[in-house]
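What follows is a set of notes on a single structure, which appears directly below.
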Amino acid sequence: QVQLVESGGGLVQPGGSLRLSCAASGFSFSTYTMSWYRQSPGKERELVAYITSGGAMSNYAEFVRGRFIISRDNFKNTLYLQMNSLKLEDTAVYYCVAQLHNTYWGQGTQVTVSS
């Protein structure tokens with residue numbers, strides 16, 4: 001059974017940091033491209049960042065470039081998103097996504113940036 005379980009979300013002040021984790025099981029994690037998406041109320045889901053299967057390449061949406069870092073540990077089957085210099089507009093539900101022949105989504109973790 002495929003599972004993607006996100007954790008690490010919460011309430012943080014503007015300028016603060018959070019680290020999201022996504023624990024994967026039930027599929028060959030190390031062969032999948034992994035991504036973080038987010039969705040804010042009233043907005044469409046959008047890609048935040050992705051990282052290739054071996055971790056050699058990653059890319060970011062312009063609105064997080066220079067502030068967020070995506071990484072993965074293929075021994076622990078875990079994906080991470082380090083979020084720094086958080087802004088009010090980063091408030092969203094963040095989803096972990098695995099993509100290869102199939103696409104798997106986690107249930108999401110809420111990140112709220114508020115003073």
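How things are named: the first chain in the structure tokens is A, the next is B, and so on; residues count from 1 in each chain; ligands count from 1 in the order shown.
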Chain A: residues DSSP assigns to strand (DSSP E), reported as a count of residues only: 60
All residues 8 Å or closer to Gly8 of chain A, only C-alpha atoms, same chain fewer than 5 positions away omitted, as a list in words: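 Residues near the query, excluding close chain neighbours: Leu18, Arg19, Leu20, Ser21 and Thr109 of chain A.
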Since we have the selection now, will you write its residues out, keeping N, CA, C and O atoms, as a PDB file, in the first residue's frame?
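Ended up saving to part-v2.pdb:
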ATOM      1  N   LEU A  18      10.406  26.642   8.709  1.00  0.00           N
ATOM      2  CA  LEU A  18       9.819  25.336   8.999  1.00  0.00           C
ATOM      3  C   LEU A  18      10.494  24.307   8.109  1.00  0.00           C
ATOM      4  O   LEU A  18      10.952  24.632   7.007  1.00  0.00           O
ATOM      5  N   ARG A  19      10.510  23.074   8.587  1.00  0.00           N
ATOM      6  CA  ARG A  19      11.014  21.973   7.776  1.00  0.00           C
ATOM      7  C   ARG A  19       9.931  20.926   7.662  1.00  0.00           C
ATOM      8  O   ARG A  19       9.526  20.325   8.662  1.00  0.00           O
ATOM      9  N   LEU A  20       9.484  20.699   6.445  1.00  0.00           N
ATOM     10  CA  LEU A  20       8.499  19.658   6.188  1.00  0.00           C
ATOM     11  C   LEU A  20       9.207  18.352   5.861  1.00  0.00           C
ATOM     12  O   LEU A  20      10.269  18.350   5.237  1.00  0.00           O
ATOM     13  N   SER A  21       8.579  17.267   6.260  1.00  0.00           N
ATOM     14  CA  SER A  21       9.066  15.930   5.922  1.00  0.00           C
ATOM     15  C   SER A  21       7.940  15.143   5.278  1.00  0.00           C
ATOM     16  O   SER A  21       6.763  15.395   5.530  1.00  0.00           O
ATOM     17  N   THR A 109      -0.034  18.809   4.604  1.00  0.00           N
ATOM     18  CA  THR A 109       0.194  19.372   5.931  1.00  0.00           C
ATOM     19  C   THR A 109       0.021  20.890   5.841  1.00  0.00           C
ATOM     20  O   THR A 109       0.472  21.524   4.891  1.00  0.00           O
TER      21      THR A 109
END
Selection near Val5 of chain A, 7 Å with only C-alpha atoms, sequence-local residues under 5 positions removed, as number ranges by chain: A: 22-24, 106-107
Produce a file of the selected residues containing N, CA and C atoms, as a PDB file, in the first residue's frame.
ATOM      1  N   CYS A  22       8.318  14.196   4.462  1.00  0.00           N
ATOM      2  CA  CYS A  22       7.353  13.303   3.824  1.00  0.00           C
ATOM      3  C   CYS A  22       7.929  11.899   3.874  1.00  0.00           C
ATOM      4  N   ALA A  23       7.320  11.050   4.673  1.00  0.00           N
ATOM      5  CA  ALA A  23       7.759   9.666   4.801  1.00  0.00           C
ATOM      6  C   ALA A  23       7.023   8.812   3.784  1.00  0.00           C
ATOM      7  N   ALA A  24       7.771   8.112   2.952  1.00  0.00           N
ATOM      8  CA  ALA A  24       7.196   7.316   1.871  1.00  0.00           C
ATOM      9  C   ALA A  24       7.329   5.824   2.151  1.00  0.00           C
ATOM     10  N   GLY A 106       0.318  12.741  -1.153  1.00  0.00           N
ATOM     11  CA  GLY A 106       0.079  12.667   0.272  1.00  0.00           C
ATOM     12  C   GLY A 106      -1.184  13.427   0.627  1.00  0.00           C
ATOM     13  N   GLN A 107      -1.533  13.410   1.908  1.00  0.00           N
ATOM     14  CA  GLN A 107      -2.758  14.077   2.350  1.00  0.00           C
ATOM     15  C   GLN A 107      -2.532  15.545   2.683  1.00  0.00           C
TER      16      GLN A 107
END
Counting only C-alpha atoms, the residue of A:Lys87, A:Arg65, A:Arg45, A:Arg72 that sits nearest Leu11 of chain A: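 For Leu11 of chain A, the nearest of the given residues is A:Lys87.
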For Trp36 of chain A, the nearest of the candidates A:Ser114, A:Arg67, A:Val97, A:Asn84, counting only C-alpha atoms: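 The answer is A:Val97, which sits nearest to Trp36 of chain A.
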